[in-house]
Amino acid sequence: PALRPGGQAIDIRGAARDVIEKMGLMPVLRAHHTGTHGIAYYNTKGKQVAAMGGDDFGDSGGVIAELEVLRGDLVRILHNAASGTEFIYDDSITALTQEPDGVRVRFASGAVRTFDIVVGADGIRSGVRKLAFGPPEDYLTDLGQYSTYFTARTDLKLDGWEVMYNLPAGNGVGGRVVMLYPVHDTGEVRALLAFRSPELDYDRKDLKAQKEILTNVYAGGGWEIPKLIDQLQDTDDLYFSRVSSVKVDCWSRGRAVLLGDSAFGGSIGMGTSMALVGAYVLAGELAAANGNHTLAFANYEKNLREFVETNQKRPPSADSGFAPASRGAIWMRNNVVRLITKLPMKSLMNMQENSNAIELQGYGLAA
């Protein structure tokens, strides 16, 4: 019914910062920086055992980038900047019919309208991609993990540090993760609960079922987990999803084109940045081609594909390092983190070069 709030803290990296600058939005974006400056790893006693600062790998590199904002804030900033745009809420697309001069779109409300082009920028499980390109299984690769976010509060003094706490496999699932993303010094956090597991049988629109799954998975977890699970029961602001990556051989079909996670979801730390860069390139190519969508879509993919493929590559052991299955593996991961900023392995974590691996054209567009 309205803009969706909530969600995790997200990083703006590399070329995406150039896009934000060109839009004239960098001052307002920096004003909404979460204040986070690194990630700290805690053990089962609640003691910090390792940490990585946001500046250890350059302003765009590593687990934490120097510029981090809440997803909800970024959505609102972009929405406010799009003056003159028509927004339709509480509706969805149920059918697309491509015609010589446009795309006839049928909405769930019953309305039928025709548009020059349709851009599917609607996430990993894109409804537009399903209608225009085919079934989801043709494009999704399951990554064996569930991830959920919700808003909570904590009495912990985080001082601008994100906190990561791991549990080994248990309660019928694999390695389990709890992360807290602080929101300034307010005591408010975005809580991430993630765990490795085969696919579970539940209704993705059933909020109660999702809460029951999380309650069972994290039962007996200790540390701050009981307080978080208590708060989970009262929230309506819950995102719960199976983690997947997306690969699409060609990003356009006729007058329909994909952007962001619907075309190339599943990166580590680069999803938002790739979407911003992709939106800039797509808009620029449409302007440069004077609305010739066939030429614009081809050049959009030509100019963006290498950048996307570079940033979709997942670092070695990324998933097992995020959610180790045993206490010994958690201990080992924490020790690696302590060493990684000082050893040649640092290059494996550095996103600085990859996030800048595209030269943005000007397209003759003024900021």
# chains A, B, ... in the order shown; residues from 1 in each chain; ligands from 1
call {"tool": "closest_atom_pairs", "arguments": {"of": "region 72-191 of chain A", "to": "region 199-205 of chain A", "cutoff": "10 Å", "atoms": "only C-alpha atoms", "output": "Markdown table"}}
result
| residue | atom | partner | partner_atom | distance |
| --- | --- | --- | --- | --- |
| A:Asp142 | CA | A:Glu199 | CA | 9.1 |
| A:Gly144 | CA | A:Glu199 | CA | 7.4 |
| A:Gln145 | CA | A:Glu199 | CA | 8.2 |
| A:Tyr146 | CA | A:Glu199 | CA | 8.6 |
call {"tool": "write_last_selection", "arguments": {"atoms": "N, CA, C and O atoms", "output": "JSON list (two decimals), in the first residue's frame"}}
result
[["chain", "number", "residue", "atom", "x", "y", "z"],
["A", 142, "ASP", "N", 20.02, -21.91, -6.25],
["A", 142, "ASP", "CA", 19.82, -21.90, -4.80],
["A", 142, "ASP", "C", 21.17, -21.91, -4.08],
["A", 142, "ASP", "O", 22.08, -22.66, -4.44],
["A", 144, "GLY", "N", 21.40, -22.35, -0.67],
["A", 144, "GLY", "CA", 21.35, -23.19, 0.53],
["A", 144, "GLY", "C", 21.19, -22.45, 1.84],
["A", 144, "GLY", "O", 21.59, -22.97, 2.89],
["A", 145, "GLN", "N", 20.55, -21.30, 1.81],
["A", 145, "GLN", "CA", 20.51, -20.46, 3.02],
["A", 145, "GLN", "C", 19.24, -19.63, 3.07],
["A", 145, "GLN", "O", 18.69, -19.25, 2.03],
["A", 146, "TYR", "N", 18.76, -19.37, 4.28],
["A", 146, "TYR", "CA", 17.67, -18.43, 4.50],
["A", 146, "TYR", "C", 18.21, -17.18, 5.19],
["A", 146, "TYR", "O", 19.16, -17.25, 5.97]]
call {"tool": "select_by_dssp", "arguments": {"residues": "region 24-232 of chain A", "states": "alpha helix (DSSP H)", "output": "ChimeraX atom specification"}}
result
/A:26-31,71-81,127-132,207-217,225-232
call {"tool": "closest_residue", "arguments": {"among": "A:Tyr42, A:Ile117, A:Ala219, A:Ile77", "to": "Pro27 (chain A)", "atoms": "only C-alpha atoms"}}
result
A:Ile77
call {"tool": "closest_residue", "arguments": {"among": "A:Ile93, A:Met164, A:Ile88, A:Leu156", "to": "Gly38 (chain A)", "atoms": "only C-alpha atoms"}}
result
A:Met164
call {"tool": "residues_around", "arguments": {"residues": "Gly278 (chain A)", "least_positions_apart": "5", "cutoff": "12 Å", "atoms": "only C-alpha atoms", "output": "PyMOL selection string"}}
result
chain A and resi 15-16+19+119+121+251+257-264+270-273+283-285+297+299-308+358+360
call {"tool": "closest_residue", "arguments": {"among": "A:Gly53, A:Gly110, A:Gly127, A:Gly172", "to": "Val217 (chain A)", "atoms": "only C-alpha atoms"}}
result
A:Gly172
call {"tool": "residues_around", "arguments": {"residues": "Ala50 (chain A)", "least_positions_apart": "2", "cutoff": "9 Å", "atoms": "only C-alpha atoms", "output": "number ranges by chain"}}
result
A: 39-42, 48, 52, 334-338
call {"tool": "closest_residue", "arguments": {"among": "A:Ala169, A:Leu282, A:Val112, A:Ala287", "to": "Ala194 (chain A)", "atoms": "only C-alpha atoms"}}
result
A:Ala169
call {"tool": "residues_around", "arguments": {"residues": "Gly160 (chain A)", "least_positions_apart": "2", "cutoff": "10 Å", "atoms": "only C-alpha atoms", "output": "PyMOL selection string"}}
result
chain A and resi 34-40+157-158+162-163+181-185
call {"tool": "residues_around", "arguments": {"residues": "Thr148 (chain A)", "least_positions_apart": "6", "cutoff": "10 Å", "atoms": "only C-alpha atoms", "output": "short mmCIF file (atom, residue, chain, number, x, y, z; two decimals) with N, CA, C and O atoms, in the first residue's frame"}}
result
data_model
loop_
_atom_site.label_atom_id
_atom_site.label_comp_id
_atom_site.auth_asym_id
_atom_site.auth_seq_id
_atom_site.Cartn_x
_atom_site.Cartn_y
_atom_site.Cartn_z
N GLY A 7 14.32 -3.29 6.25
CA GLY A 7 15.40 -3.90 5.50
C GLY A 7 16.74 -3.61 6.14
O GLY A 7 16.85 -2.88 7.12
N GLN A 8 17.78 -4.21 5.55
CA GLN A 8 19.09 -4.14 6.16
C GLN A 8 19.81 -2.83 5.85
O GLN A 8 19.34 -2.01 5.08
N VAL A 178 23.74 -14.48 13.63
CA VAL A 178 23.00 -13.31 14.09
C VAL A 178 23.88 -12.10 13.87
O VAL A 178 25.04 -12.09 14.27
N ALA A 191 18.20 -6.33 12.74
CA ALA A 191 18.68 -7.67 13.11
C ALA A 191 18.62 -8.58 11.88
O ALA A 191 17.59 -8.65 11.20
N LEU A 192 19.73 -9.24 11.61
CA LEU A 192 19.80 -10.25 10.56
C LEU A 192 19.89 -11.61 11.22
O LEU A 192 20.77 -11.84 12.06
N LEU A 193 19.01 -12.52 10.85
CA LEU A 193 19.10 -13.92 11.26
C LEU A 193 19.22 -14.74 9.98
O LEU A 193 18.36 -14.64 9.10
N ALA A 194 20.29 -15.50 9.87
CA ALA A 194 20.51 -16.30 8.66
C ALA A 194 20.96 -17.70 9.07
O ALA A 194 21.64 -17.87 10.08
N PHE A 195 20.57 -18.70 8.30
CA PHE A 195 20.96 -20.07 8.62
C PHE A 195 20.97 -20.91 7.35
O PHE A 195 20.22 -20.67 6.41
N GLN A 210 6.71 -18.01 9.41
CA GLN A 210 8.11 -17.59 9.35
C GLN A 210 8.67 -17.35 10.76
O GLN A 210 9.81 -17.74 11.07
N LEU A 214 11.86 -19.36 12.72
CA LEU A 214 12.99 -18.67 13.35
C LEU A 214 13.08 -18.98 14.84
O LEU A 214 14.16 -19.17 15.39
N LEU A 238 9.03 -7.70 8.77
CA LEU A 238 9.88 -8.88 8.66
C LEU A 238 10.10 -9.24 7.19
O LEU A 238 9.15 -9.36 6.42
N TYR A 239 11.36 -9.39 6.83
CA TYR A 239 11.72 -9.88 5.50
C TYR A 239 12.34 -11.25 5.69
O TYR A 239 13.33 -11.40 6.41
N PHE A 240 11.78 -12.27 5.05
CA PHE A 240 12.24 -13.65 5.21
C PHE A 240 12.32 -14.26 3.81
O PHE A 240 11.32 -14.30 3.09
N SER A 241 13.50 -14.72 3.41
CA SER A 241 13.63 -15.17 2.03
C SER A 241 14.71 -16.23 1.88
O SER A 241 15.69 -16.26 2.64
N ARG A 242 14.54 -17.09 0.89
CA ARG A 242 15.56 -18.03 0.47
C ARG A 242 16.61 -17.28 -0.33
O ARG A 242 16.28 -16.47 -1.20
N VAL A 243 17.88 -17.53 -0.05
CA VAL A 243 18.96 -16.83 -0.73
C VAL A 243 19.30 -17.55 -2.03
O VAL A 243 19.54 -18.76 -2.03
#
call {"tool": "select_by_dssp", "arguments": {"residues": "region 159-363 of chain A", "states": "strand (DSSP E)", "output": "MDAnalysis selection string"}}
result
chainID A and resid 161:167 176:182 188:196 238:246 252:253 256:258
call {"tool": "write_last_selection", "arguments": {"atoms": "C-alpha atoms", "output": "PDB file, in the first residue's frame"}}
result
ATOM      1  CA  TRP A 161      30.192  -1.450  15.234  1.00  0.00           C
ATOM      2  CA  GLU A 162      28.104  -4.069  13.505  1.00  0.00           C
ATOM      3  CA  VAL A 163      28.137  -7.269  15.529  1.00  0.00           C
ATOM      4  CA  MET A 164      28.332 -10.810  14.191  1.00  0.00           C
ATOM      5  CA  TYR A 165      27.579 -13.821  16.386  1.00  0.00           C
ATOM      6  CA  ASN A 166      27.658 -17.407  15.120  1.00  0.00           C
ATOM      7  CA  LEU A 167      26.044 -20.611  16.302  1.00  0.00           C
ATOM      8  CA  ARG A 176      23.408 -20.049  12.144  1.00  0.00           C
ATOM      9  CA  VAL A 177      24.210 -16.331  12.138  1.00  0.00           C
ATOM     10  CA  VAL A 178      22.997 -13.313  14.095  1.00  0.00           C
ATOM     11  CA  MET A 179      24.074  -9.842  13.002  1.00  0.00           C
ATOM     12  CA  LEU A 180      23.103  -6.500  14.503  1.00  0.00           C
ATOM     13  CA  TYR A 181      23.357  -3.342  12.387  1.00  0.00           C
ATOM     14  CA  PRO A 182      23.285  -0.244  14.644  1.00  0.00           C
ATOM     15  CA  GLU A 188      17.724   0.637  17.389  1.00  0.00           C
ATOM     16  CA  VAL A 189      19.238  -2.090  15.222  1.00  0.00           C
ATOM     17  CA  ARG A 190      18.440  -4.027  12.107  1.00  0.00           C
ATOM     18  CA  ALA A 191      18.677  -7.672  13.108  1.00  0.00           C
ATOM     19  CA  LEU A 192      19.797 -10.252  10.559  1.00  0.00           C
ATOM     20  CA  LEU A 193      19.097 -13.925  11.259  1.00  0.00           C
ATOM     21  CA  ALA A 194      20.513 -16.303   8.664  1.00  0.00           C
ATOM     22  CA  PHE A 195      20.964 -20.073   8.618  1.00  0.00           C
ATOM     23  CA  ARG A 196      21.958 -22.825   6.210  1.00  0.00           C
ATOM     24  CA  LEU A 238       9.877  -8.880   8.660  1.00  0.00           C
ATOM     25  CA  TYR A 239      11.721  -9.882   5.502  1.00  0.00           C
ATOM     26  CA  PHE A 240      12.238 -13.647   5.208  1.00  0.00           C
ATOM     27  CA  SER A 241      13.629 -15.172   2.027  1.00  0.00           C
ATOM     28  CA  ARG A 242      15.562 -18.033   0.473  1.00  0.00           C
ATOM     29  CA  VAL A 243      18.961 -16.825  -0.731  1.00  0.00           C
ATOM     30  CA  SER A 244      19.616 -17.368  -4.427  1.00  0.00           C
ATOM     31  CA  SER A 245      21.710 -16.009  -7.259  1.00  0.00           C
ATOM     32  CA  VAL A 246      20.404 -14.989 -10.675  1.00  0.00           C
ATOM     33  CA  SER A 252      15.898  -8.133 -22.614  1.00  0.00           C
ATOM     34  CA  ARG A 253      13.006  -9.713 -24.508  1.00  0.00           C
ATOM     35  CA  ALA A 256      10.848  -5.864 -21.643  1.00  0.00           C
ATOM     36  CA  VAL A 257      14.213  -5.509 -19.905  1.00  0.00           C
ATOM     37  CA  LEU A 258      15.585  -6.581 -16.506  1.00  0.00           C
TER      38      LEU A 258
END
call {"tool": "closest_residue", "arguments": {"among": "A:Ala51, A:Lys130, A:Ala275, A:Asp159", "to": "Ile340 (chain A)", "atoms": "only C-alpha atoms"}}
result
A:Ala51
call {"tool": "closest_residue", "arguments": {"among": "A:Leu276, A:Ala296, A:Ala357, A:Leu131", "to": "Ile20 (chain A)", "atoms": "only C-alpha atoms"}}
result
A:Leu276
call {"tool": "atom_distance", "arguments": {"atom1": "CA of Tyr149 (chain A)", "atom2": "CA of Pro315 (chain A)"}}
result
23.3 Å
call {"tool": "atom_distance", "arguments": {"atom1": "CA of His32 (chain A)", "atom2": "CA of Asp73 (chain A)"}}
result
7.1 Å
call {"tool": "atom_distance", "arguments": {"atom1": "CA of Gly187 (chain A)", "atom2": "CA of Asp155 (chain A)"}}
result
6.5 Å
